[in-house]
Amino acid sequence: MSKVMIFDHPLIQHKVGIIRDENTDHKFFRELVSEIAMLMAYEVTRELPLEEVNVTTPICETTVKRLVGGSIAIIPILRAGLGMVDGMLSLIPNAKVGHVGLYRDPETAKPVAYYCKLPENVTTATCIVLDPMLATGGSAVAAVDFLKEQGAKNIKFMCIIAAPEGIEVLSKAHPDIDIYCAAKDDCLNDHKYIVPGLGDAGDRIFGTK
């Protein structure tokens with residue numbers, strides 16, 4: 001089964017508490033989602049590959065470590081995943097960014113794909129799939145399915161709020177995928193929204209609520 005990491009850092013938990021509040025406006029909500037993603041990026045990228053290079057300091061020559069070039073691909077699930085990209089790029093500015101466009105059919109609650117564009121390094125990079133909410137798990141599974149079909153071998157999934165149902169679905173479909181989330185909530189309601197959750201993340205990020 002997948003390794004599931006739930007972040008308990010006070011700064012992350014504080015910001016998650018604010019974005020849950022229905023009175024948080026979309027500008028502040030969007031900023032906080034980006035900040036949470038940036039804080040989570042530290043742990044999600046812990047196992048990125050490094051290489052040794054020689055540099056000259058003001059004192060002498062030495063060997064230092066640097067990220068292997070082209071080793072990271074950030075893949076937001078449209079549209080809500082876009083809100084997490086800038087936070088990730090603030091720490092990993094050289095990462096390539098792809099996009100997977102999915103929406104949830106309101107009748108079936110199943111994901112429907114409408115756009116996919118991936119960077120050329122997807123087969124060798126650590127691919128970090130971004131979506132603020134892991135609810136039913138359908139969109140996450142579909143995105144990972146597509147990445148694997150394109151040759152991706154090292155994939156991580158990162159969200160802010162996860163439902164137990166979504167974690168179970170993604171873990172069973174892709175037990176090799178590590179899941180990172182800032183909060184694991186209680187359940188899904190009859191409309192497949194996470195409880196207590198924070199509502200529709202895409203609407204709240206882009207002000208279309």
# chains A, B, ... in the order shown; residues from 1 in each chain; ligands from 1
$ select_by_dssp --residues "chain A" --states "helix (DSSP H, G or I)" --output "ChimeraX atom specification"
/A:10-20,26-44,80-91,138-149,164-173,201-206
$ closest_atom_pairs --of "segment 39-97 of chain A" --to "segment 106-120 of chain A" --cutoff "12 Å" --atoms "only C-alpha atoms" --output "CSV"
residue,atom,partner,partner_atom,distance
A:Gly70,CA,A:Glu120,CA,9.4
A:Ser71,CA,A:Glu120,CA,11.2
A:Ile72,CA,A:Pro119,CA,9.9
A:Ala73,CA,A:Pro119,CA,7.2
A:Ile74,CA,A:Pro119,CA,9.0
A:Ile75,CA,A:Leu118,CA,7.7
A:Pro76,CA,A:Leu118,CA,10.3
A:Ile77,CA,A:Cys116,CA,9.3
A:Leu78,CA,A:Tyr115,CA,8.6
A:Arg79,CA,A:Tyr115,CA,10.7
A:Ala95,CA,A:Pro119,CA,9.8
A:Lys96,CA,A:Pro119,CA,6.2
A:Val97,CA,A:Pro119,CA,6.5
$ atom_distance --atom1 "atom CA of Ala201 of chain A" --atom2 "atom CA of Ile19 of chain A"
9.4 Å
$ residues_around --residues "Ile12 of chain A" --least-positions-apart "4" --cutoff "8 Å" --atoms "only C-alpha atoms" --output "list of chain:residue names"
A:Phe7, A:Asp8, A:Val16, A:Ile36, A:Leu39, A:Met40, A:Ala182
$ write_last_selection --atoms "N, CA and C atoms" --output "JSON list (two decimals), in the first residue's frame"
[["chain", "number", "residue", "atom", "x", "y", "z"],
["A", 7, "PHE", "N", 0.84, 15.95, 7.38],
["A", 7, "PHE", "CA", 1.70, 16.97, 7.96],
["A", 7, "PHE", "C", 1.06, 17.56, 9.22],
["A", 8, "ASP", "N", 1.86, 17.61, 10.29],
["A", 8, "ASP", "CA", 1.35, 18.17, 11.54],
["A", 8, "ASP", "C", 2.10, 19.43, 11.96],
["A", 16, "VAL", "N", -4.12, 25.88, 7.23],
["A", 16, "VAL", "CA", -5.25, 25.04, 6.84],
["A", 16, "VAL", "C", -6.52, 25.48, 7.58],
["A", 36, "ILE", "N", 0.91, 26.98, 1.74],
["A", 36, "ILE", "CA", 0.85, 25.61, 2.26],
["A", 36, "ILE", "C", 1.62, 24.67, 1.33],
["A", 39, "LEU", "N", 5.32, 25.05, 1.94],
["A", 39, "LEU", "CA", 5.77, 24.40, 3.17],
["A", 39, "LEU", "C", 5.79, 22.88, 3.02],
["A", 40, "MET", "N", 4.81, 22.34, 2.32],
["A", 40, "MET", "CA", 4.76, 20.90, 2.11],
["A", 40, "MET", "C", 5.87, 20.42, 1.17],
["A", 182, "ALA", "N", -1.99, 17.65, 4.02],
["A", 182, "ALA", "CA", -1.89, 18.50, 5.20],
["A", 182, "ALA", "C", -2.93, 18.13, 6.24]]
$ closest_residue --among "A:Ile18, A:Ile6, A:Ala135, A:Glu61" --to "Asp190 of chain A" --atoms "only C-alpha atoms"
A:Ala135
$ residues_around --residues "Val44 of chain A" --least-positions-apart "5" --cutoff "12 Å" --atoms "only C-alpha atoms" --output "mmCIF file with all heavy atoms, in the first residue's frame"
data_model
loop_
_atom_site.group_PDB
_atom_site.id
_atom_site.type_symbol
_atom_site.label_atom_id
_atom_site.label_comp_id
_atom_site.auth_asym_id
_atom_site.auth_seq_id
_atom_site.Cartn_x
_atom_site.Cartn_y
_atom_site.Cartn_z
ATOM 1 N N LYS A 3 2.549 4.788 0.968
ATOM 2 C CA LYS A 3 2.937 5.497 2.179
ATOM 3 C C LYS A 3 2.132 6.793 2.226
ATOM 4 O O LYS A 3 2.095 7.545 1.257
ATOM 5 C CB LYS A 3 4.435 5.810 2.157
ATOM 6 C CG LYS A 3 4.910 6.589 3.389
ATOM 7 C CD LYS A 3 6.398 6.874 3.318
ATOM 8 C CE LYS A 3 6.708 7.958 2.311
ATOM 9 N NZ LYS A 3 8.157 8.320 2.306
ATOM 10 N N VAL A 4 1.466 7.038 3.344
ATOM 11 C CA VAL A 4 0.653 8.241 3.499
ATOM 12 C C VAL A 4 1.274 9.112 4.587
ATOM 13 O O VAL A 4 1.431 8.660 5.730
ATOM 14 C CB VAL A 4 -0.804 7.896 3.865
ATOM 15 C CG1 VAL A 4 -1.628 9.175 4.020
ATOM 16 C CG2 VAL A 4 -1.420 6.987 2.813
ATOM 17 N N MET A 5 1.644 10.333 4.233
ATOM 18 C CA MET A 5 2.225 11.263 5.195
ATOM 19 C C MET A 5 1.259 12.413 5.432
ATOM 20 O O MET A 5 0.866 13.110 4.491
ATOM 21 C CB MET A 5 3.566 11.796 4.712
ATOM 22 C CG MET A 5 4.197 12.812 5.655
ATOM 23 S SD MET A 5 5.880 13.280 5.194
ATOM 24 C CE MET A 5 6.744 11.776 5.587
ATOM 25 N N ILE A 6 0.862 12.606 6.689
ATOM 26 C CA ILE A 6 -0.028 13.706 7.059
ATOM 27 C C ILE A 6 0.790 14.728 7.850
ATOM 28 O O ILE A 6 1.378 14.400 8.880
ATOM 29 C CB ILE A 6 -1.208 13.197 7.894
ATOM 30 C CG1 ILE A 6 -1.997 12.143 7.092
ATOM 31 C CG2 ILE A 6 -2.129 14.352 8.293
ATOM 32 C CD1 ILE A 6 -3.039 11.417 7.899
ATOM 33 N N PHE A 7 0.842 15.947 7.377
ATOM 34 C CA PHE A 7 1.698 16.972 7.962
ATOM 35 C C PHE A 7 1.065 17.557 9.224
ATOM 36 O O PHE A 7 -0.096 17.964 9.217
ATOM 37 C CB PHE A 7 1.946 18.091 6.948
ATOM 38 C CG PHE A 7 2.791 17.668 5.785
ATOM 39 C CD1 PHE A 7 2.224 16.971 4.736
ATOM 40 C CD2 PHE A 7 4.137 17.952 5.739
ATOM 41 C CE1 PHE A 7 2.993 16.558 3.657
ATOM 42 C CE2 PHE A 7 4.918 17.549 4.666
ATOM 43 C CZ PHE A 7 4.352 16.851 3.630
ATOM 44 N N ALA A 37 1.441 24.848 0.032
ATOM 45 C CA ALA A 37 2.157 24.012 -0.931
ATOM 46 C C ALA A 37 3.659 24.190 -0.785
ATOM 47 O O ALA A 37 4.425 23.219 -0.849
ATOM 48 C CB ALA A 37 1.714 24.351 -2.353
ATOM 49 N N MET A 38 4.098 25.423 -0.575
ATOM 50 C CA MET A 38 5.526 25.685 -0.411
ATOM 51 C C MET A 38 6.065 24.986 0.840
ATOM 52 O O MET A 38 7.135 24.363 0.806
ATOM 53 C CB MET A 38 5.780 27.191 -0.303
ATOM 54 C CG MET A 38 7.250 27.559 -0.085
ATOM 55 S SD MET A 38 7.486 29.337 0.096
ATOM 56 C CE MET A 38 6.628 29.630 1.651
ATOM 57 N N LEU A 39 5.324 25.050 1.938
ATOM 58 C CA LEU A 39 5.768 24.403 3.168
ATOM 59 C C LEU A 39 5.787 22.880 3.019
ATOM 60 O O LEU A 39 6.692 22.205 3.522
ATOM 61 C CB LEU A 39 4.855 24.807 4.325
ATOM 62 C CG LEU A 39 4.945 26.272 4.761
ATOM 63 C CD1 LEU A 39 3.805 26.613 5.719
ATOM 64 C CD2 LEU A 39 6.287 26.567 5.413
ATOM 65 N N ILE A 72 12.773 17.073 -11.765
ATOM 66 C CA ILE A 72 11.479 17.334 -11.139
ATOM 67 C C ILE A 72 10.463 17.807 -12.172
ATOM 68 O O ILE A 72 10.737 18.676 -12.994
ATOM 69 C CB ILE A 72 11.613 18.417 -10.050
ATOM 70 C CG1 ILE A 72 12.750 18.094 -9.102
ATOM 71 C CG2 ILE A 72 10.301 18.559 -9.276
ATOM 72 C CD1 ILE A 72 13.274 19.292 -8.376
ATOM 73 N N ILE A 74 6.374 19.062 -12.048
ATOM 74 C CA ILE A 74 5.190 19.381 -11.245
ATOM 75 C C ILE A 74 3.975 19.275 -12.152
ATOM 76 O O ILE A 74 3.923 19.900 -13.219
ATOM 77 C CB ILE A 74 5.316 20.798 -10.654
ATOM 78 C CG1 ILE A 74 6.507 20.873 -9.702
ATOM 79 C CG2 ILE A 74 4.028 21.194 -9.938
ATOM 80 C CD1 ILE A 74 6.830 22.279 -9.245
ATOM 81 N N MET A 88 5.171 25.697 -5.024
ATOM 82 C CA MET A 88 6.199 24.700 -5.332
ATOM 83 C C MET A 88 7.367 25.335 -6.087
ATOM 84 O O MET A 88 8.537 25.089 -5.785
ATOM 85 C CB MET A 88 5.590 23.571 -6.162
ATOM 86 C CG MET A 88 4.510 22.778 -5.471
ATOM 87 S SD MET A 88 5.146 21.734 -4.136
ATOM 88 C CE MET A 88 6.015 20.482 -5.072
ATOM 89 N N LEU A 91 10.261 27.219 -4.368
ATOM 90 C CA LEU A 91 11.373 26.432 -3.823
ATOM 91 C C LEU A 91 12.123 25.669 -4.905
ATOM 92 O O LEU A 91 13.311 25.378 -4.746
ATOM 93 C CB LEU A 91 10.854 25.423 -2.785
ATOM 94 C CG LEU A 91 10.440 25.967 -1.423
ATOM 95 C CD1 LEU A 91 10.104 24.809 -0.493
ATOM 96 C CD2 LEU A 91 11.548 26.808 -0.802
ATOM 97 N N ILE A 92 11.434 25.337 -6.004
ATOM 98 C CA ILE A 92 12.052 24.538 -7.072
ATOM 99 C C ILE A 92 11.835 25.273 -8.396
ATOM 100 O O ILE A 92 11.068 24.829 -9.259
ATOM 101 C CB ILE A 92 11.425 23.131 -7.159
ATOM 102 C CG1 ILE A 92 11.058 22.597 -5.774
ATOM 103 C CG2 ILE A 92 12.367 22.153 -7.853
ATOM 104 C CD1 ILE A 92 10.146 21.398 -5.803
ATOM 105 N N THR A 126 11.096 12.941 -11.090
ATOM 106 C CA THR A 126 10.151 12.740 -10.006
ATOM 107 C C THR A 126 8.944 13.609 -10.304
ATOM 108 O O THR A 126 9.051 14.837 -10.347
ATOM 109 C CB THR A 126 10.760 13.135 -8.655
ATOM 110 O OG1 THR A 126 11.882 12.287 -8.368
ATOM 111 C CG2 THR A 126 9.733 13.015 -7.534
ATOM 112 N N CYS A 127 7.800 12.994 -10.551
ATOM 113 C CA CYS A 127 6.592 13.726 -10.920
ATOM 114 C C CYS A 127 5.731 13.937 -9.675
ATOM 115 O O CYS A 127 5.344 12.967 -9.014
ATOM 116 C CB CYS A 127 5.799 12.961 -11.961
ATOM 117 S SG CYS A 127 6.680 12.711 -13.525
ATOM 118 N N ILE A 128 5.454 15.184 -9.365
ATOM 119 C CA ILE A 128 4.644 15.522 -8.193
ATOM 120 C C ILE A 128 3.287 16.022 -8.681
ATOM 121 O O ILE A 128 3.180 17.103 -9.254
ATOM 122 C CB ILE A 128 5.334 16.585 -7.325
ATOM 123 C CG1 ILE A 128 6.743 16.121 -6.931
ATOM 124 C CG2 ILE A 128 4.500 16.871 -6.073
ATOM 125 C CD1 ILE A 128 7.573 17.170 -6.215
ATOM 126 N N VAL A 129 2.260 15.205 -8.483
ATOM 127 C CA VAL A 129 0.907 15.553 -8.912
ATOM 128 C C VAL A 129 0.252 16.394 -7.818
ATOM 129 O O VAL A 129 0.275 16.026 -6.641
ATOM 130 C CB VAL A 129 0.075 14.281 -9.181
ATOM 131 C CG1 VAL A 129 -1.340 14.646 -9.604
ATOM 132 C CG2 VAL A 129 0.750 13.420 -10.246
ATOM 133 N N LEU A 130 -0.333 17.520 -8.208
ATOM 134 C CA LEU A 130 -0.908 18.468 -7.258
ATOM 135 C C LEU A 130 -2.416 18.585 -7.428
ATOM 136 O O LEU A 130 -2.916 18.753 -8.547
ATOM 137 C CB LEU A 130 -0.292 19.859 -7.455
ATOM 138 C CG LEU A 130 1.224 19.994 -7.404
ATOM 139 C CD1 LEU A 130 1.624 21.440 -7.686
ATOM 140 C CD2 LEU A 130 1.773 19.551 -6.062
ATOM 141 N N ILE A 155 6.332 8.737 -9.113
ATOM 142 C CA ILE A 155 5.211 9.675 -8.981
ATOM 143 C C ILE A 155 4.845 9.830 -7.511
ATOM 144 O O ILE A 155 4.766 8.849 -6.768
ATOM 145 C CB ILE A 155 3.983 9.179 -9.766
ATOM 146 C CG1 ILE A 155 4.346 8.917 -11.238
ATOM 147 C CG2 ILE A 155 2.838 10.183 -9.674
ATOM 148 C CD1 ILE A 155 3.262 8.197 -12.022
ATOM 149 N N LYS A 156 4.608 11.073 -7.095
ATOM 150 C CA LYS A 156 4.103 11.376 -5.761
ATOM 151 C C LYS A 156 2.816 12.184 -5.914
ATOM 152 O O LYS A 156 2.673 12.945 -6.882
ATOM 153 C CB LYS A 156 5.128 12.180 -4.958
ATOM 154 C CG LYS A 156 6.468 11.468 -4.754
ATOM 155 C CD LYS A 156 7.475 12.392 -4.073
ATOM 156 C CE LYS A 156 8.845 11.739 -3.929
ATOM 157 N NZ LYS A 156 8.838 10.659 -2.953
ATOM 158 N N PHE A 157 1.910 12.021 -4.966
ATOM 159 C CA PHE A 157 0.661 12.781 -5.001
ATOM 160 C C PHE A 157 0.605 13.686 -3.776
ATOM 161 O O PHE A 157 0.792 13.226 -2.647
ATOM 162 C CB PHE A 157 -0.556 11.863 -5.019
ATOM 163 C CG PHE A 157 -1.852 12.608 -5.137
ATOM 164 C CD1 PHE A 157 -2.332 12.974 -6.377
ATOM 165 C CD2 PHE A 157 -2.572 12.980 -4.009
ATOM 166 C CE1 PHE A 157 -3.524 13.691 -6.507
ATOM 167 C CE2 PHE A 157 -3.757 13.688 -4.119
ATOM 168 C CZ PHE A 157 -4.231 14.047 -5.367
ATOM 169 N N MET A 158 0.327 14.967 -4.009
ATOM 170 C CA MET A 158 0.333 15.946 -2.924
ATOM 171 C C MET A 158 -0.984 16.717 -2.926
ATOM 172 O O MET A 158 -1.398 17.276 -3.941
ATOM 173 C CB MET A 158 1.514 16.903 -3.115
ATOM 174 C CG MET A 158 1.613 18.015 -2.106
ATOM 175 S SD MET A 158 3.140 18.942 -2.409
ATOM 176 C CE MET A 158 2.635 20.569 -1.864
ATOM 177 N N CYS A 159 -1.656 16.725 -1.771
ATOM 178 C CA CYS A 159 -2.914 17.464 -1.635
ATOM 179 C C CYS A 159 -2.921 18.178 -0.293
ATOM 180 O O CYS A 159 -2.052 17.957 0.547
ATOM 181 C CB CYS A 159 -4.116 16.529 -1.750
ATOM 182 S SG CYS A 159 -4.223 15.298 -0.428
ATOM 183 N N ASP A 178 3.362 7.462 -3.243
ATOM 184 C CA ASP A 178 3.304 8.065 -1.913
ATOM 185 C C ASP A 178 2.323 9.234 -1.929
ATOM 186 O O ASP A 178 2.260 9.997 -2.898
ATOM 187 C CB ASP A 178 4.687 8.572 -1.493
ATOM 188 C CG ASP A 178 5.668 7.431 -1.252
ATOM 189 O OD1 ASP A 178 5.212 6.292 -1.025
ATOM 190 O OD2 ASP A 178 6.887 7.672 -1.304
ATOM 191 N N ILE A 179 1.555 9.350 -0.845
ATOM 192 C CA ILE A 179 0.524 10.385 -0.736
ATOM 193 C C ILE A 179 0.888 11.340 0.397
ATOM 194 O O ILE A 179 1.175 10.905 1.515
ATOM 195 C CB ILE A 179 -0.856 9.755 -0.458
ATOM 196 C CG1 ILE A 179 -1.239 8.776 -1.572
ATOM 197 C CG2 ILE A 179 -1.925 10.835 -0.298
ATOM 198 C CD1 ILE A 179 -2.468 7.936 -1.265
ATOM 199 N N TYR A 180 0.890 12.624 0.110
ATOM 200 C CA TYR A 180 1.222 13.656 1.093
ATOM 201 C C TYR A 180 0.014 14.579 1.243
ATOM 202 O O TYR A 180 -0.497 15.101 0.251
ATOM 203 C CB TYR A 180 2.434 14.472 0.639
ATOM 204 C CG TYR A 180 3.697 13.652 0.441
ATOM 205 C CD1 TYR A 180 3.916 12.947 -0.730
ATOM 206 C CD2 TYR A 180 4.664 13.595 1.447
ATOM 207 C CE1 TYR A 180 5.070 12.190 -0.917
ATOM 208 C CE2 TYR A 180 5.823 12.849 1.270
ATOM 209 C CZ TYR A 180 6.017 12.152 0.095
ATOM 210 O OH TYR A 180 7.156 11.397 -0.079
ATOM 211 N N CYS A 181 -0.440 14.792 2.475
ATOM 212 C CA CYS A 181 -1.575 15.687 2.687
ATOM 213 C C CYS A 181 -1.389 16.481 3.984
ATOM 214 O O CYS A 181 -0.713 16.028 4.909
ATOM 215 C CB CYS A 181 -2.892 14.930 2.695
ATOM 216 S SG CYS A 181 -2.961 13.496 3.774
ATOM 217 N N ALA A 182 -1.993 17.651 4.021
ATOM 218 C CA ALA A 182 -1.888 18.504 5.203
ATOM 219 C C ALA A 182 -2.931 18.130 6.244
ATOM 220 O O ALA A 182 -2.767 18.424 7.426
ATOM 221 C CB ALA A 182 -2.045 19.970 4.810
#
$ select_by_dssp --residues "segment 5-209 of chain A" --states "strand (DSSP E or B)" --output "JSON, numbers by chain"
{"A": [5, 6, 50, 51, 52, 53, 54, 55, 56, 61, 62, 63, 64, 65, 66, 67, 72, 73, 74, 75, 76, 77, 78, 96, 97, 99, 100, 101, 102, 103, 104, 111, 112, 113, 114, 115, 116, 117, 126, 127, 128, 129, 130, 133, 134, 154, 155, 156, 157, 158, 159, 160, 161, 162, 178, 179, 180, 181, 182, 183, 184, 187, 188, 194, 195]}
$ closest_residue --among "A:Ala80, A:Val100, A:Ala152, A:Leu48" --to "Asp131 of chain A" --atoms "only C-alpha atoms"
A:Ala80
$ residues_around --residues "Glu51 of chain A" --least-positions-apart "2" --cutoff "12 Å" --atoms "only C-alpha atoms" --output "VMD selection string"
chain A and resid 48 to 49 53 to 54 63 to 69 71
$ closest_residue --among "A:Gly87, A:Gly138, A:Pro175, A:Pro132" --to "Leu102 of chain A" --atoms "only C-alpha atoms"
A:Gly138
$ atom_distance --atom1 "atom CA of Glu47 of chain A" --atom2 "atom CA of Arg30 of chain A"
27.7 Å
$ closest_residue --among "A:Asp145, A:Glu165, A:Asp21, A:Glu35" --to "Ile177 of chain A" --atoms "only C-alpha atoms"
A:Asp145
$ atom_distance --atom1 "atom CA of Cys187 of chain A" --atom2 "atom CA of Leu170 of chain A"
15.1 Å
$ decode --residues "segment 164-198 of chain A" --atoms "N, CA and C atoms" --output "PDB file, in the first residue's frame"
ATOM      1  N   PRO A 164     -10.666   9.892   3.792  1.00  0.00           N
ATOM      2  CA  PRO A 164     -10.214   8.497   3.897  1.00  0.00           C
ATOM      3  C   PRO A 164     -10.570   7.675   2.661  1.00  0.00           C
ATOM      4  N   GLU A 165     -11.752   7.948   2.078  1.00  0.00           N
ATOM      5  CA  GLU A 165     -12.181   7.210   0.893  1.00  0.00           C
ATOM      6  C   GLU A 165     -11.219   7.438  -0.277  1.00  0.00           C
ATOM      7  N   GLY A 166     -10.786   8.692  -0.456  1.00  0.00           N
ATOM      8  CA  GLY A 166      -9.874   9.005  -1.549  1.00  0.00           C
ATOM      9  C   GLY A 166      -8.509   8.365  -1.359  1.00  0.00           C
ATOM     10  N   ILE A 167      -8.017   8.404  -0.119  1.00  0.00           N
ATOM     11  CA  ILE A 167      -6.735   7.775   0.176  1.00  0.00           C
ATOM     12  C   ILE A 167      -6.795   6.280  -0.143  1.00  0.00           C
ATOM     13  N   GLU A 168      -7.886   5.636   0.255  1.00  0.00           N
ATOM     14  CA  GLU A 168      -8.027   4.197   0.024  1.00  0.00           C
ATOM     15  C   GLU A 168      -8.081   3.878  -1.470  1.00  0.00           C
ATOM     16  N   VAL A 169      -8.845   4.656  -2.228  1.00  0.00           N
ATOM     17  CA  VAL A 169      -8.974   4.410  -3.667  1.00  0.00           C
ATOM     18  C   VAL A 169      -7.635   4.585  -4.376  1.00  0.00           C
ATOM     19  N   LEU A 170      -6.932   5.672  -4.088  1.00  0.00           N
ATOM     20  CA  LEU A 170      -5.646   5.925  -4.741  1.00  0.00           C
ATOM     21  C   LEU A 170      -4.612   4.883  -4.326  1.00  0.00           C
ATOM     22  N   SER A 171      -4.599   4.528  -3.047  1.00  0.00           N
ATOM     23  CA  SER A 171      -3.637   3.536  -2.554  1.00  0.00           C
ATOM     24  C   SER A 171      -3.846   2.171  -3.198  1.00  0.00           C
ATOM     25  N   LYS A 172      -5.106   1.774  -3.370  1.00  0.00           N
ATOM     26  CA  LYS A 172      -5.389   0.471  -3.967  1.00  0.00           C
ATOM     27  C   LYS A 172      -5.069   0.460  -5.455  1.00  0.00           C
ATOM     28  N   ALA A 173      -5.379   1.561  -6.145  1.00  0.00           N
ATOM     29  CA  ALA A 173      -5.126   1.620  -7.587  1.00  0.00           C
ATOM     30  C   ALA A 173      -3.643   1.742  -7.893  1.00  0.00           C
ATOM     31  N   HIS A 174      -2.926   2.480  -7.038  1.00  0.00           N
ATOM     32  CA  HIS A 174      -1.495   2.730  -7.266  1.00  0.00           C
ATOM     33  C   HIS A 174      -0.736   2.611  -5.945  1.00  0.00           C
ATOM     34  N   PRO A 175      -0.499   1.403  -5.478  1.00  0.00           N
ATOM     35  CA  PRO A 175       0.168   1.223  -4.185  1.00  0.00           C
ATOM     36  C   PRO A 175       1.612   1.699  -4.153  1.00  0.00           C
ATOM     37  N   ASP A 176       2.173   1.996  -5.332  1.00  0.00           N
ATOM     38  CA  ASP A 176       3.551   2.486  -5.401  1.00  0.00           C
ATOM     39  C   ASP A 176       3.629   4.002  -5.267  1.00  0.00           C
ATOM     40  N   ILE A 177       2.501   4.680  -5.162  1.00  0.00           N
ATOM     41  CA  ILE A 177       2.471   6.145  -5.102  1.00  0.00           C
ATOM     42  C   ILE A 177       2.405   6.617  -3.656  1.00  0.00           C
ATOM     43  N   ASP A 178       3.362   7.462  -3.243  1.00  0.00           N
ATOM     44  CA  ASP A 178       3.304   8.065  -1.913  1.00  0.00           C
ATOM     45  C   ASP A 178       2.323   9.234  -1.929  1.00  0.00           C
ATOM     46  N   ILE A 179       1.555   9.350  -0.845  1.00  0.00           N
ATOM     47  CA  ILE A 179       0.524  10.385  -0.736  1.00  0.00           C
ATOM     48  C   ILE A 179       0.888  11.340   0.397  1.00  0.00           C
ATOM     49  N   TYR A 180       0.890  12.624   0.110  1.00  0.00           N
ATOM     50  CA  TYR A 180       1.222  13.656   1.093  1.00  0.00           C
ATOM     51  C   TYR A 180       0.014  14.579   1.243  1.00  0.00           C
ATOM     52  N   CYS A 181      -0.440  14.792   2.475  1.00  0.00           N
ATOM     53  CA  CYS A 181      -1.575  15.687   2.687  1.00  0.00           C
ATOM     54  C   CYS A 181      -1.389  16.481   3.984  1.00  0.00           C
ATOM     55  N   ALA A 182      -1.993  17.651   4.021  1.00  0.00           N
ATOM     56  CA  ALA A 182      -1.888  18.504   5.203  1.00  0.00           C
ATOM     57  C   ALA A 182      -2.931  18.130   6.244  1.00  0.00           C
ATOM     58  N   ALA A 183      -4.023  17.486   5.827  1.00  0.00           N
ATOM     59  CA  ALA A 183      -5.068  17.090   6.767  1.00  0.00           C
ATOM     60  C   ALA A 183      -5.851  15.913   6.205  1.00  0.00           C
ATOM     61  N   LYS A 184      -6.156  14.961   7.072  1.00  0.00           N
ATOM     62  CA  LYS A 184      -7.029  13.846   6.717  1.00  0.00           C
ATOM     63  C   LYS A 184      -8.355  14.073   7.429  1.00  0.00           C
ATOM     64  N   ASP A 185      -9.405  14.287   6.641  1.00  0.00           N
ATOM     65  CA  ASP A 185     -10.703  14.632   7.211  1.00  0.00           C
ATOM     66  C   ASP A 185     -11.548  13.395   7.519  1.00  0.00           C
ATOM     67  N   ASP A 186     -12.811  13.633   7.878  1.00  0.00           N
ATOM     68  CA  ASP A 186     -13.660  12.553   8.399  1.00  0.00           C
ATOM     69  C   ASP A 186     -14.201  11.613   7.331  1.00  0.00           C
ATOM     70  N   CYS A 187     -14.800  12.192   6.271  1.00  0.00           N
ATOM     71  CA  CYS A 187     -15.507  11.357   5.305  1.00  0.00           C
ATOM     72  C   CYS A 187     -15.976  12.215   4.142  1.00  0.00           C
ATOM     73  N   LEU A 188     -16.658  11.570   3.189  1.00  0.00           N
ATOM     74  CA  LEU A 188     -17.356  12.276   2.121  1.00  0.00           C
ATOM     75  C   LEU A 188     -18.840  12.337   2.457  1.00  0.00           C
ATOM     76  N   ASN A 189     -19.491  13.443   2.047  1.00  0.00           N
ATOM     77  CA  ASN A 189     -20.939  13.499   2.246  1.00  0.00           C
ATOM     78  C   ASN A 189     -21.659  12.900   1.040  1.00  0.00           C
ATOM     79  N   ASP A 190     -22.967  13.014   0.998  1.00  0.00           N
ATOM     80  CA  ASP A 190     -23.746  12.410  -0.080  1.00  0.00           C
ATOM     81  C   ASP A 190     -23.458  13.029  -1.444  1.00  0.00           C
ATOM     82  N   HIS A 191     -22.897  14.244  -1.435  1.00  0.00           N
ATOM     83  CA  HIS A 191     -22.562  14.920  -2.690  1.00  0.00           C
ATOM     84  C   HIS A 191     -21.092  14.752  -3.047  1.00  0.00           C
ATOM     85  N   LYS A 192     -20.400  13.863  -2.336  1.00  0.00           N
ATOM     86  CA  LYS A 192     -18.986  13.562  -2.567  1.00  0.00           C
ATOM     87  C   LYS A 192     -18.067  14.728  -2.229  1.00  0.00           C
ATOM     88  N   TYR A 193     -18.488  15.606  -1.339  1.00  0.00           N
ATOM     89  CA  TYR A 193     -17.622  16.653  -0.817  1.00  0.00           C
ATOM     90  C   TYR A 193     -17.009  16.184   0.497  1.00  0.00           C
ATOM     91  N   ILE A 194     -15.774  16.638   0.742  1.00  0.00           N
ATOM     92  CA  ILE A 194     -15.075  16.240   1.954  1.00  0.00           C
ATOM     93  C   ILE A 194     -15.666  16.969   3.160  1.00  0.00           C
ATOM     94  N   VAL A 195     -15.855  16.220   4.256  1.00  0.00           N
ATOM     95  CA  VAL A 195     -16.370  16.761   5.521  1.00  0.00           C
ATOM     96  C   VAL A 195     -15.280  16.661   6.595  1.00  0.00           C
ATOM     97  N   PRO A 196     -14.920  17.761   7.296  1.00  0.00           N
ATOM     98  CA  PRO A 196     -15.489  19.111   7.165  1.00  0.00           C
ATOM     99  C   PRO A 196     -15.003  19.869   5.942  1.00  0.00           C
ATOM    100  N   GLY A 197     -13.834  19.534   5.424  1.00  0.00           N
ATOM    101  CA  GLY A 197     -13.363  20.104   4.170  1.00  0.00           C
ATOM    102  C   GLY A 197     -13.244  21.607   4.158  1.00  0.00           C
ATOM    103  N   LEU A 198     -13.386  22.173   2.949  1.00  0.00           N
ATOM    104  CA  LEU A 198     -13.327  23.635   2.800  1.00  0.00           C
ATOM    105  C   LEU A 198     -14.173  24.097   1.620  1.00  0.00           C
TER     106      LEU A 198
END
